[in-house]
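input_33.txt follows (compact mmCIF, C-alpha atoms):
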```
# COMPACT_ATOMS: atom_id res chain seq x y z
CA MET L 1396 -10.69 -11.84 38.85
CA ASN L 1397 -8.72 -13.72 36.27
CA ALA L 1398 -9.69 -15.68 33.19
CA ASP L 1399 -9.38 -19.07 34.88
CA GLN L 1400 -11.68 -18.00 37.70
CA LEU L 1401 -14.16 -16.60 35.21
CA LYS L 1402 -14.13 -19.83 33.19
CA ILE L 1403 -14.80 -21.87 36.31
CA PHE L 1404 -17.69 -19.59 37.18
CA GLN L 1405 -19.12 -19.84 33.65
CA ASN L 1406 -18.82 -23.62 33.57
CA ILE L 1407 -20.40 -24.37 36.91
CA THR L 1408 -23.22 -21.92 36.27
CA LEU L 1409 -24.06 -23.48 32.91
CA ALA L 1410 -23.65 -26.93 34.45
CA TYR L 1411 -26.50 -26.11 36.83
CA PHE L 1412 -28.88 -25.65 33.86
CA ALA L 1413 -27.52 -28.73 32.11
CA LYS L 1414 -28.17 -30.77 35.28
CA MET L 1415 -31.73 -29.48 35.41
CA ALA L 1416 -32.49 -30.99 32.00
CA PRO L 1417 -29.89 -33.74 31.45
CA ASP L 1418 -31.88 -35.28 28.60
CA GLU L 1419 -31.87 -32.08 26.59
CA LYS L 1420 -29.32 -29.93 24.81
CA PRO L 1421 -27.08 -28.21 27.38
CA PRO L 1422 -26.92 -24.41 27.51
CA VAL L 1423 -24.66 -22.79 24.95
CA LEU L 1424 -22.57 -19.78 25.77
CA GLU L 1425 -22.67 -17.11 23.08
CA GLU L 1426 -20.14 -14.41 22.22
CA ALA L 1427 -19.62 -12.14 25.17
CA TYR L 1428 -19.69 -8.37 24.82
CA LEU L 1429 -19.30 -5.22 26.84
CA GLN L 1430 -22.04 -2.75 27.61
CA PHE L 1431 -21.55 0.83 28.75
CA ASP L 1432 -25.14 1.93 28.68
CA THR L 1433 -28.14 1.04 30.83
CA PRO L 1434 -27.45 -2.31 32.52
CA LEU L 1435 -29.02 -5.28 30.82
CA LEU L 1436 -31.82 -6.54 33.07
CA LEU L 1437 -34.66 -8.89 32.17
CA ASP L 1438 -37.70 -9.63 34.31
CA PHE L 1439 -35.92 -11.63 37.01
CA THR L 1440 -32.40 -11.09 38.22
CA SER L 1441 -30.37 -13.11 40.68
CA LEU L 1442 -27.51 -11.02 42.02
CA ILE L 1443 -24.57 -11.13 44.37
CA ALA L 1444 -22.28 -8.28 45.23
CA ILE L 1445 -18.55 -8.98 45.20
CA SER L 1446 -15.67 -7.07 46.64
CA GLY L 1447 -11.96 -7.53 46.16
CA SER L 1448 -9.46 -5.71 44.01
CA TYR L 1449 -12.57 -4.26 42.37
CA GLU L 1450 -16.08 -3.61 43.64
CA GLY L 1451 -19.13 -4.84 41.82
CA CYS L 1452 -21.58 -7.63 41.26
CA LEU L 1453 -22.33 -10.81 39.40
CA TYR L 1454 -25.84 -11.45 38.25
CA LEU L 1455 -27.93 -13.74 36.15
CA THR L 1456 -30.89 -12.14 34.45
CA THR L 1457 -33.58 -14.10 32.68
CA GLY L 1458 -37.19 -14.15 31.61
CA PRO L 1459 -40.10 -15.92 33.30
CA ALA L 1460 -40.14 -18.80 30.82
CA VAL L 1461 -36.73 -20.04 31.96
CA LEU L 1462 -37.84 -19.88 35.60
CA ASP L 1463 -41.02 -21.77 34.68
CA VAL L 1464 -38.97 -24.62 33.22
CA LEU L 1465 -36.77 -24.75 36.30
CA LEU L 1466 -39.83 -24.70 38.60
CA ARG L 1467 -41.36 -27.62 36.70
CA ARG L 1468 -38.08 -29.52 36.92
CA HIS L 1469 -38.21 -28.97 40.67
CA GLY L 1470 -41.70 -30.45 40.67
CA GLU L 1471 -43.47 -27.19 41.40
CA GLN L 1472 -47.12 -27.37 40.35
CA ASN L 1473 -48.07 -23.82 41.19
CA ILE L 1474 -46.28 -21.46 38.80
CA ASN L 1475 -46.81 -17.74 39.37
CA ASP L 1476 -44.75 -14.64 40.09
CA ALA L 1477 -44.29 -15.60 43.72
CA THR L 1478 -42.87 -19.01 42.92
CA ARG L 1479 -40.83 -17.50 40.08
CA LEU L 1480 -39.29 -15.13 42.60
CA ASP L 1481 -38.55 -18.12 44.82
CA MET L 1482 -36.79 -19.73 41.89
CA CYS L 1483 -34.90 -16.50 41.28
CA ARG L 1484 -33.71 -16.57 44.91
CA GLU L 1485 -32.66 -20.16 44.44
CA LEU L 1486 -30.59 -19.12 41.44
CA SER L 1487 -29.00 -16.35 43.52
CA ASN L 1488 -27.89 -18.95 46.02
CA VAL L 1489 -26.48 -21.06 43.19
CA LEU L 1490 -24.58 -18.05 41.90
CA ALA L 1491 -23.21 -17.25 45.33
CA GLY L 1492 -21.98 -20.81 45.74
CA ASN L 1493 -20.43 -20.76 42.28
CA ALA L 1494 -18.78 -17.41 42.90
CA SER L 1495 -17.39 -18.62 46.21
CA HIS L 1496 -15.99 -21.64 44.45
CA ALA L 1497 -14.50 -19.64 41.58
CA PHE L 1498 -13.43 -16.40 43.22
CA GLY L 1499 -13.59 -17.22 46.91
CA ALA L 1500 -9.87 -16.88 47.53
CA ASP L 1501 -9.71 -13.25 46.41
CA TRP L 1502 -13.23 -11.93 46.73
CA THR L 1503 -15.80 -11.30 49.41
CA ILE L 1504 -19.22 -12.54 48.32
CA SER L 1505 -22.25 -10.77 49.71
CA VAL L 1506 -25.69 -12.14 50.61
CA PRO L 1507 -27.57 -13.09 47.41
CA GLN L 1508 -30.45 -10.93 46.16
CA SER L 1509 -33.30 -11.55 43.80
CA VAL L 1510 -34.53 -8.57 41.87
CA THR L 1511 -37.69 -8.06 39.86
CA THR L 1512 -38.28 -5.32 37.32
CA ALA L 1513 -40.04 -3.22 39.96
CA GLU L 1514 -36.87 -3.18 42.04
CA ILE L 1515 -34.49 -2.29 39.25
CA PRO L 1516 -34.52 1.47 39.96
CA THR L 1517 -33.20 0.79 43.46
CA LEU L 1518 -30.16 -1.09 42.14
CA LYS L 1519 -26.80 0.60 41.93
CA LEU L 1520 -24.95 -1.27 39.28
CA PRO L 1521 -21.54 -0.50 37.76
CA PRO L 1522 -21.88 1.45 34.50
CA SER L 1523 -19.66 -0.94 32.52
CA THR L 1524 -20.64 -4.57 32.36
CA PHE L 1525 -19.27 -7.74 30.81
CA ILE L 1526 -22.17 -9.68 29.39
CA MET L 1527 -22.11 -13.43 28.71
CA PRO L 1528 -25.29 -14.52 26.94
CA PHE L 1529 -26.30 -18.15 26.91
CA VAL L 1530 -29.11 -20.03 25.25
CA TRP L 1531 -30.93 -22.81 27.03
CA LYS L 1532 -34.05 -24.49 25.64
CA GLU L 1533 -34.06 -21.83 22.94
CA MET L 1534 -34.35 -19.07 25.52
CA LYS L 1535 -31.71 -16.48 26.15
CA SER L 1536 -30.42 -15.52 29.56
CA TYR L 1537 -27.41 -13.47 30.59
CA VAL L 1538 -24.66 -13.87 33.12
CA VAL L 1539 -23.28 -10.42 33.80
CA VAL L 1540 -20.15 -9.21 35.56
CA GLY L 1541 -20.18 -5.58 36.63
CA LEU L 1542 -17.01 -4.22 38.19
CA GLN L 1543 -15.48 -0.88 38.88
CA SER L 1544 -12.29 0.21 40.58
CA LYS L 1545 -12.64 1.52 44.10
CA GLU L 1546 -11.70 5.03 43.00
CA GLN L 1547 -14.55 4.96 40.47
CA ILE L 1548 -17.13 4.40 43.19
CA MET I 700 9.70 32.39 -65.64
CA ASN I 701 11.74 31.94 -62.47
CA HIS I 702 8.98 33.43 -60.40
CA ILE I 703 6.58 30.50 -60.84
CA LYS I 704 9.17 27.87 -60.05
CA VAL I 705 9.28 26.05 -56.75
CA PHE I 706 12.55 25.13 -55.10
CA LEU I 707 13.40 22.79 -52.34
CA ASN I 708 16.28 23.11 -50.00
CA ALA I 709 18.59 20.36 -51.19
CA TRP I 710 20.31 19.89 -47.85
CA ASN I 711 19.32 19.16 -44.37
CA LEU I 712 20.39 22.43 -42.79
CA GLN I 713 22.08 20.63 -39.96
CA GLN I 714 24.27 18.80 -42.49
CA LEU I 715 25.59 21.96 -44.13
CA PRO I 716 29.28 22.61 -43.56
CA VAL I 717 29.68 24.97 -40.67
CA THR I 718 32.25 26.92 -42.66
CA MET I 719 29.85 27.65 -45.53
CA ARG I 720 29.23 31.37 -45.94
CA LEU I 721 26.22 33.03 -47.67
CA THR I 722 24.84 36.51 -47.72
CA SER I 723 21.96 37.34 -45.50
CA LEU I 724 19.60 37.41 -48.48
CA GLU I 725 20.84 34.05 -49.73
CA TRP I 726 20.28 32.51 -46.29
CA ARG I 727 16.77 33.90 -46.07
CA PHE I 728 15.93 32.70 -49.59
CA LEU I 729 17.34 29.28 -48.79
CA LEU I 730 15.30 29.01 -45.60
CA CYS I 731 12.10 30.04 -47.39
CA SER I 732 12.51 27.39 -50.09
CA ASP I 733 10.40 24.67 -48.56
CA GLY I 734 9.28 22.86 -51.74
CA LYS I 735 5.81 24.42 -51.48
CA THR I 736 6.25 28.15 -51.70
CA PRO I 737 6.77 29.44 -55.26
CA VAL I 738 9.59 31.85 -55.95
CA TYR I 739 7.32 34.88 -56.51
CA GLN I 740 5.93 34.49 -52.95
CA ILE I 741 9.42 34.23 -51.49
CA GLN I 742 10.39 37.30 -53.52
CA ARG I 743 7.45 39.24 -52.08
CA ARG I 744 8.14 37.99 -48.58
CA LEU I 745 11.76 39.09 -48.82
CA GLY I 746 10.96 42.30 -50.68
CA ILE I 747 13.62 41.88 -53.31
CA THR I 748 13.70 42.97 -56.93
CA ASP I 749 13.54 40.58 -59.88
CA GLN I 750 17.25 41.09 -60.45
CA GLU I 751 18.09 40.28 -56.84
CA ARG I 752 15.78 37.28 -56.98
CA ASP I 753 17.40 35.87 -60.12
CA TYR I 754 20.87 36.55 -58.84
CA VAL I 755 20.30 34.74 -55.55
CA LEU I 756 18.43 31.91 -57.20
CA ASN I 757 21.21 31.31 -59.70
CA ARG I 758 23.85 31.30 -56.98
CA LEU I 759 21.92 28.85 -54.79
CA THR I 760 21.05 26.44 -57.61
CA ALA I 761 24.56 26.59 -59.07
CA SER I 762 26.08 25.71 -55.74
CA GLY I 763 23.65 22.80 -55.39
CA LEU I 764 21.88 24.23 -52.36
CA LEU I 765 18.49 24.44 -54.09
CA ASN I 766 16.84 21.96 -56.40
CA GLU I 767 13.89 22.83 -58.54
CA LYS I 768 10.86 20.79 -57.60
CA SER I 769 8.81 19.26 -60.42
CA LEU I 770 5.12 20.28 -60.37
CA SER I 771 1.93 18.73 -61.55
CA LEU I 772 -0.06 20.62 -64.16
CA GLU I 773 -2.64 21.52 -61.54
CA GLU I 774 0.00 22.91 -59.17
CA LEU I 775 1.55 24.93 -62.00
CA ALA I 776 -1.83 26.33 -62.98
CA GLN I 777 -2.64 27.33 -59.41
CA ILE I 778 0.70 29.04 -58.93
CA THR I 779 0.35 30.90 -62.25
CA ILE I 780 -3.12 32.15 -61.37
CA ASP I 781 -2.01 33.22 -57.89
CA ALA I 782 1.04 34.97 -59.27
CA ALA I 783 -1.07 36.87 -61.83
CA ALA I 784 -3.58 38.05 -59.24
CA PRO I 785 -3.38 41.77 -58.42
CA VAL I 786 -1.56 42.47 -55.26
CA THR I 787 -1.20 45.53 -53.20
CA GLU I 788 1.50 47.92 -54.09
CA PRO I 789 4.72 45.94 -54.17
CA GLN I 790 6.75 46.52 -51.09
CA THR I 791 10.19 45.67 -50.03
CA PHE I 792 10.50 43.63 -46.88
CA SER I 793 11.71 46.65 -44.99
CA GLU I 794 8.79 48.66 -46.36
CA TYR I 795 6.50 45.88 -45.31
CA LEU I 796 7.95 45.87 -41.82
CA GLN I 797 7.72 49.63 -41.59
CA ALA I 798 4.11 49.54 -42.70
CA ALA I 799 3.31 46.87 -40.19
CA ALA I 800 5.01 48.83 -37.47
CA THR I 801 2.76 51.84 -38.09
CA THR I 802 -0.47 49.84 -37.96
CA VAL I 803 0.35 47.54 -35.05
CA PRO I 804 1.84 49.13 -31.96
CA ALA I 805 5.22 47.69 -31.30
CA PRO I 806 5.09 45.28 -28.42
CA GLU I 807 7.89 47.15 -26.68
CA GLN I 808 5.97 50.42 -26.83
CA ASN I 809 2.89 48.65 -25.59
CA GLN I 810 4.77 47.20 -22.67
CA LYS I 811 6.30 50.53 -21.82
CA LYS I 812 2.85 52.02 -21.43
CA THR I 813 1.38 49.28 -19.30
CA MET I 814 4.30 47.74 -17.49
CA PRO I 815 4.12 48.61 -13.83
CA ALA I 816 7.12 49.79 -11.95
CA PHE I 817 9.39 47.00 -10.85
CA SER I 818 8.67 45.53 -7.51
CA PRO I 819 9.86 42.19 -6.24
CA LEU I 820 7.34 39.41 -6.34
CA GLN I 821 5.87 38.34 -3.07
CA LYS I 822 7.55 35.20 -1.86
CA PRO I 823 4.88 32.53 -2.08
CA SER I 824 3.81 31.55 1.37
CA ILE I 825 4.31 27.90 2.21
CA PRO I 826 0.86 26.38 2.46
CA ALA I 827 0.06 25.07 5.90
CA PRO I 828 0.05 21.29 5.92
CA ALA I 829 -3.45 19.85 5.74
CA PRO I 830 -4.57 18.78 9.19
CA THR I 831 -4.27 15.06 9.55
CA VAL I 832 -6.57 13.16 11.84
CA ARG I 833 -4.82 10.76 14.14
CA ALA I 834 -7.30 7.97 14.54
CA MET I 835 -7.13 4.92 16.76
CA SER I 836 -8.56 1.69 15.44
CA LEU I 837 -10.81 0.08 18.01
CA GLN I 838 -10.33 -3.35 16.44
CA SER I 839 -6.56 -2.90 16.55
CA VAL I 840 -6.88 -2.05 20.24
CA ILE I 841 -8.92 -5.20 20.87
CA GLN I 842 -6.50 -7.33 18.86
CA PHE I 843 -3.59 -5.85 20.77
CA ILE I 844 -5.24 -6.65 24.10
CA PHE I 845 -5.95 -10.19 22.90
CA SER I 846 -2.33 -10.57 21.78
CA GLN I 847 -1.29 -9.86 25.37
CA SER I 848 -3.73 -12.47 26.74
CA SER I 849 -3.40 -16.24 27.10
CA ASP I 850 -6.75 -17.16 25.52
CA THR I 851 -10.10 -15.79 24.36
CA THR I 852 -11.64 -15.58 27.82
CA ALA I 853 -8.55 -13.83 29.13
CA GLY I 854 -8.75 -11.47 26.15
CA HIS I 855 -12.40 -10.73 26.84
CA LEU I 856 -11.71 -10.08 30.49
CA ALA I 857 -8.66 -7.91 29.79
CA THR I 858 -10.65 -5.87 27.27
CA TYR I 859 -13.37 -5.44 29.85
CA LYS I 860 -10.86 -4.30 32.46
CA VAL I 861 -9.35 -1.77 30.03
CA PHE I 862 -12.72 -0.28 29.09
CA MET I 863 -14.12 -0.57 32.60
CA GLY I 864 -11.68 2.13 33.67
CA ILE I 865 -12.95 4.61 31.07
CA ASN I 866 -15.70 7.05 31.91
CA THR I 867 -18.82 5.72 30.21
CA GLN I 868 -19.90 9.27 29.33
CA LEU I 869 -16.71 9.63 27.30
CA LEU I 870 -17.45 6.34 25.54
CA LYS I 871 -21.05 7.32 24.85
CA ARG I 872 -19.90 10.72 23.57
CA ASN I 873 -18.01 8.74 20.93
CA GLY I 874 -21.02 6.60 20.13
CA ILE I 875 -19.77 3.55 22.04
CA THR I 876 -22.60 2.19 24.17
CA SER I 877 -21.62 -1.43 23.76
CA LEU I 878 -18.62 -3.25 22.39
CA ARG I 879 -18.56 -6.55 20.61
CA PHE I 880 -15.12 -8.00 20.22
CA GLN I 881 -15.29 -8.00 16.44
CA ASP I 882 -16.37 -4.37 16.33
CA ASP I 883 -14.25 -1.79 14.60
CA ARG I 884 -14.43 1.93 14.42
CA PHE I 885 -11.95 4.77 14.33
CA ILE I 886 -11.60 6.88 17.42
CA THR I 887 -10.51 10.42 16.70
CA ASP I 888 -11.34 11.89 20.12
CA THR I 889 -7.93 12.37 21.70
CA GLU I 890 -9.40 12.29 25.18
CA LEU I 891 -10.76 8.81 24.55
CA GLN I 892 -7.53 7.75 22.84
CA ASP I 893 -5.60 8.89 25.90
CA ALA I 894 -8.00 7.12 28.24
CA ILE I 895 -7.64 3.86 26.32
CA ALA I 896 -3.86 4.16 26.24
CA GLU I 897 -3.78 4.96 29.94
CA ASN I 898 -5.94 1.96 30.84
CA ILE I 899 -3.96 -0.38 28.60
CA LYS I 900 -0.89 0.66 30.53
CA LYS I 901 -2.68 0.22 33.85
CA VAL I 902 -4.21 -3.18 33.08
CA LEU I 903 -1.64 -4.80 30.79
CA LYS I 904 1.44 -2.96 32.07
CA VAL I 905 2.51 -2.15 28.52
CA THR I 906 2.61 1.05 26.51
CA CYS I 907 -0.01 1.47 23.84
CA PRO I 908 1.91 0.87 20.58
CA GLU I 909 1.95 3.38 17.73
CA GLU I 910 0.56 0.70 15.37
CA LEU I 911 -2.88 1.25 16.89
CA PHE I 912 -2.98 4.71 15.34
CA TYR I 913 -3.58 5.78 11.78
CA SER I 914 -2.85 9.19 10.35
CA GLN I 915 -6.26 9.17 8.65
CA PRO I 916 -9.21 6.80 8.76
CA PRO I 917 -9.18 4.50 5.64
CA ALA I 918 -11.87 5.34 3.18
CA GLY I 919 -15.05 3.71 3.65
CA ARG I 920 -14.41 2.83 7.24
CA LYS I 921 -16.30 4.54 9.98
```
This entry written out as structure tokens:
Amino acid sequence: MNADQLKIFQNITLAYFAKMAPDEKPPVLEEAYLQFDTPLLLDFTSLIAISGSYEGCLYLTTGPAVLDVLLRRHGEQNINDATRLDMCRELSNVLAGNASHAFGADWTISVPQSVTTAEIPTLKLPPSTFIMPFVWKEMKSYVVVGLQSKEQI
Amino acid sequence: MNHIKVFLNAWNLQQLPVTMRLTSLEWRFLLCSDGKTPVYQIQRRLGITDQERDYVLNRLTASGLLNEKSLSLEELAQITIDAAAPVTEPQTFSEYLQAAATTVPAPEQNQKKTMPAFSPLQKPSIPAPAPTVRAMSLQSVIQFIFSQSSDTTAGHLATYKVFMGINTQLLKRNGITSLRFQDDRFITDTELQDAIAENIKKVLKVTCPEELFYSQPPAGRK
């Protein structure tokens, strides 16, 4: 993974949200940071595993309010946890497509997953993560890269 | 009336001809003539007779080495009163010294009693140098990684790759659970310093420069 690939991934992921609400302020990427503690996970997480020179995952974690906005934009009338999870799966597919586009040449992208808070304990995530917060419609979500070298696994 | 006079050394002693010769008594009288001490006090101090006093005084004034100092009436009265006051039995200087020697133990005798046997002094031991803490500046590390990167995103990613290779328990042991790129702190744990240096070498293919280290953390910085 290099900086150019990461920038492409960031841009096309944020572009998805901008396209969902073209008449509103586009999402704004905030200062990234590293976390070495418990992985940052909100209520809904869309995740893909990646494998290449490192092993790890890419995920987008967000709260229900963001999913509600996206569901409405998709014309969904019935908003509940089930449809939110559907939206989370949809985002996982978006991420997988974006990752294939950005990192496809060097990385193997796994089948996308959607994870709720109940499933968090079953996740095995790398202990060090690179967190890219972004704000959309005044709500914060996080795109997270978690990698580790193969000898660390 | 010589005894109530006051004389002042007429010469700066350093200006006197080096060849000038005086008796021991004349030198002592000359040195005591400070323009304040009346003759009778100098006479007592030196323990000389009136004849000796007058003889020396005449010689010193005649040769121009002493000048009589003029006095105010008050000064004259004070000197006269003091001179008339009863004093202890007149003593010569040598008598005075002998008397003093019997009442105050001579310093040499004193030292002989208390001075310990000679023994060489212990060579002072060279104090061990104060331990200096070799601290690594986290912000300097981040700036160094950024300086090796093409742009901010590349710097972020390179920093992540460097820290990704470090055991998170080691980071947490040093209070690092997250890292913002503007963060600074001083790392004194050599194990963590080594781990950072090792990962910089692995990721950036360069040796961790000495500039990232400080001999002591600057005051006021954590």
Hey, could you pull the box centre and edge lengths for stretch 1453-1465 of chain L, axis-aligned, 3 Å padding per side, all listed atoms, to one decimal in Å, as AutoDock Vina command-line options?
```
--center_x -31.7 --center_y -17.8 --center_z 35.1 --size_x 24.7 --size_y 19.9 --size_z 14.6
```
May I have the residues of chain I within 7 Å of chain L, counting only C-alpha atoms, written as a list in words?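 For chain I, the answer reads Thr852, Ala853, Leu856, Tyr859, Met863, Thr867, Thr876, Ser877, Leu878, Arg879 and Phe880 of chain I.
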Tell me which protein, DNA and RNA residues are within 6 Å of stretch 1439-1453 of chain L, counting all atoms listed in the file, leaving out same-chain ones fewer than 4 positions away, and put them as a PDB file with C-alpha atoms, in the coordinates of the input.
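Everything below was put into selection-v2.pdb:
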```pdb
ATOM      1  CA  THR L1457     -33.580 -14.100  32.680  1.00  0.00           C
ATOM      2  CA  CYS L1483     -34.900 -16.500  41.280  1.00  0.00           C
ATOM      3  CA  SER L1487     -29.000 -16.350  43.520  1.00  0.00           C
ATOM      4  CA  TRP L1502     -13.230 -11.930  46.730  1.00  0.00           C
ATOM      5  CA  THR L1503     -15.800 -11.300  49.410  1.00  0.00           C
ATOM      6  CA  ILE L1504     -19.220 -12.540  48.320  1.00  0.00           C
ATOM      7  CA  SER L1505     -22.250 -10.770  49.710  1.00  0.00           C
ATOM      8  CA  PRO L1507     -27.570 -13.090  47.410  1.00  0.00           C
ATOM      9  CA  GLN L1508     -30.450 -10.930  46.160  1.00  0.00           C
ATOM     10  CA  SER L1509     -33.300 -11.550  43.800  1.00  0.00           C
ATOM     11  CA  VAL L1510     -34.530  -8.570  41.870  1.00  0.00           C
ATOM     12  CA  THR L1511     -37.690  -8.060  39.860  1.00  0.00           C
ATOM     13  CA  VAL L1539     -23.280 -10.420  33.800  1.00  0.00           C
ATOM     14  CA  VAL L1540     -20.150  -9.210  35.560  1.00  0.00           C
ATOM     15  CA  GLY L1541     -20.180  -5.580  36.630  1.00  0.00           C
ATOM     16  CA  LEU L1542     -17.010  -4.220  38.190  1.00  0.00           C
ATOM     17  CA  GLN L1543     -15.480  -0.880  38.880  1.00  0.00           C
ATOM     18  CA  SER L1544     -12.290   0.210  40.580  1.00  0.00           C
TER      19      SER L1544
END
```
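If you look at atom CA of I:Leu729 and atom CA of I:Leu772, they are 24.8 Å away from each other.
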Using all atoms listed in the file, determine which residues lie at most 9 Å from I:Ala834, disregarding the query and same-chain residues fewer than 2 positions distant; provide the list as a PyMOL selection string. chain I and resi 832+836+885-889+892+911-916
Coordinates-based distance that separates atom CA of L:Ala1497 from atom CA of L:Phe1412 (Å, one decimal):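 A separation of 17.4 Å between them.
Atom CA of I:Ile895 is positioned 12.3 Å from atom CA of I:Ala857.
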Could you check which residues have any atom within 12 Å of (-32.5, -30.5, 27.0), counting only C-alpha atoms with coordinates taken straight from the file, and then list them as a compact mmCIF listing (two decimals) with C-alpha atoms, keeping the file's coordinate frame?
```txt
# COMPACT_ATOMS: atom_id res chain seq x y z
CA PHE L 1412 -28.88 -25.65 33.86
CA ALA L 1413 -27.52 -28.73 32.11
CA LYS L 1414 -28.17 -30.77 35.28
CA MET L 1415 -31.73 -29.48 35.41
CA ALA L 1416 -32.49 -30.99 32.00
CA PRO L 1417 -29.89 -33.74 31.45
CA ASP L 1418 -31.88 -35.28 28.60
CA GLU L 1419 -31.87 -32.08 26.59
CA LYS L 1420 -29.32 -29.93 24.81
CA PRO L 1421 -27.08 -28.21 27.38
CA PRO L 1422 -26.92 -24.41 27.51
CA VAL L 1423 -24.66 -22.79 24.95
CA VAL L 1464 -38.97 -24.62 33.22
CA LEU L 1465 -36.77 -24.75 36.30
CA ARG L 1468 -38.08 -29.52 36.92
CA VAL L 1530 -29.11 -20.03 25.25
CA TRP L 1531 -30.93 -22.81 27.03
CA LYS L 1532 -34.05 -24.49 25.64
CA GLU L 1533 -34.06 -21.83 22.94
CA MET L 1534 -34.35 -19.07 25.52
```
Would you mind telling me which residue in I:Asp850, I:Arg727, I:Ser839, I:Asp893 lies nearest to I:Gly864 when using all atoms listed in the file?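 When distances to I:Gly864 are compared using all atoms listed in the file, the smallest one comes from I:Asp893.
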So that I can check the surroundings of I:Ser846, please list as a PyMOL selection string every protein, DNA and RNA residue that reaches within 12 Å of it, counting all atoms listed in the file and ignoring chain neighbours fewer than 3 positions away. chain I and resi 839-843+849-851+853-855+857-858+903+905
For stretch 719-732 of chain I, supply N, CA and C atoms and format the output as an mmCIF file, keeping the file's coordinate frame.
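Written out: out26.cif:
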```
data_model
loop_
_atom_site.group_PDB
_atom_site.id
_atom_site.type_symbol
_atom_site.label_atom_id
_atom_site.label_comp_id
_atom_site.auth_asym_id
_atom_site.auth_seq_id
_atom_site.Cartn_x
_atom_site.Cartn_y
_atom_site.Cartn_z
ATOM 1 N N MET I 719 30.482 27.078 -44.350
ATOM 2 C CA MET I 719 29.850 27.650 -45.530
ATOM 3 C C MET I 719 29.342 29.064 -45.230
ATOM 4 N N ARG I 720 29.614 29.978 -46.151
ATOM 5 C CA ARG I 720 29.230 31.370 -45.940
ATOM 6 C C ARG I 720 28.302 31.817 -47.067
ATOM 7 N N LEU I 721 27.190 32.471 -46.718
ATOM 8 C CA LEU I 721 26.220 33.030 -47.670
ATOM 9 C C LEU I 721 25.855 34.425 -47.196
ATOM 10 N N THR I 722 25.321 35.183 -48.141
ATOM 11 C CA THR I 722 24.840 36.510 -47.720
ATOM 12 C C THR I 722 23.533 36.329 -46.948
ATOM 13 N N SER I 723 23.195 37.390 -46.288
ATOM 14 C CA SER I 723 21.960 37.340 -45.500
ATOM 15 C C SER I 723 20.756 37.032 -46.390
ATOM 16 N N LEU I 724 20.721 37.639 -47.568
ATOM 17 C CA LEU I 724 19.600 37.410 -48.480
ATOM 18 C C LEU I 724 19.570 35.969 -48.954
ATOM 19 N N GLU I 725 20.769 35.455 -49.276
ATOM 20 C CA GLU I 725 20.840 34.050 -49.730
ATOM 21 C C GLU I 725 20.356 33.097 -48.636
ATOM 22 N N TRP I 726 20.758 33.363 -47.393
ATOM 23 C CA TRP I 726 20.280 32.510 -46.290
ATOM 24 C C TRP I 726 18.760 32.563 -46.163
ATOM 25 N N ARG I 727 18.223 33.785 -46.238
ATOM 26 C CA ARG I 727 16.770 33.900 -46.070
ATOM 27 C C ARG I 727 16.037 33.206 -47.209
ATOM 28 N N PHE I 728 16.574 33.355 -48.441
ATOM 29 C CA PHE I 728 15.930 32.700 -49.590
ATOM 30 C C PHE I 728 15.994 31.179 -49.426
ATOM 31 N N LEU I 729 17.149 30.734 -48.989
ATOM 32 C CA LEU I 729 17.340 29.280 -48.790
ATOM 33 C C LEU I 729 16.354 28.743 -47.760
ATOM 34 N N LEU I 730 16.188 29.486 -46.687
ATOM 35 C CA LEU I 730 15.300 29.010 -45.600
ATOM 36 C C LEU I 730 13.832 29.049 -46.000
ATOM 37 N N CYS I 731 13.503 29.972 -46.945
ATOM 38 C CA CYS I 731 12.100 30.040 -47.390
ATOM 39 C C CYS I 731 11.757 28.983 -48.433
ATOM 40 N N SER I 732 12.749 28.367 -49.008
ATOM 41 C CA SER I 732 12.510 27.390 -50.090
ATOM 42 C C SER I 732 12.163 26.046 -49.473
#
```
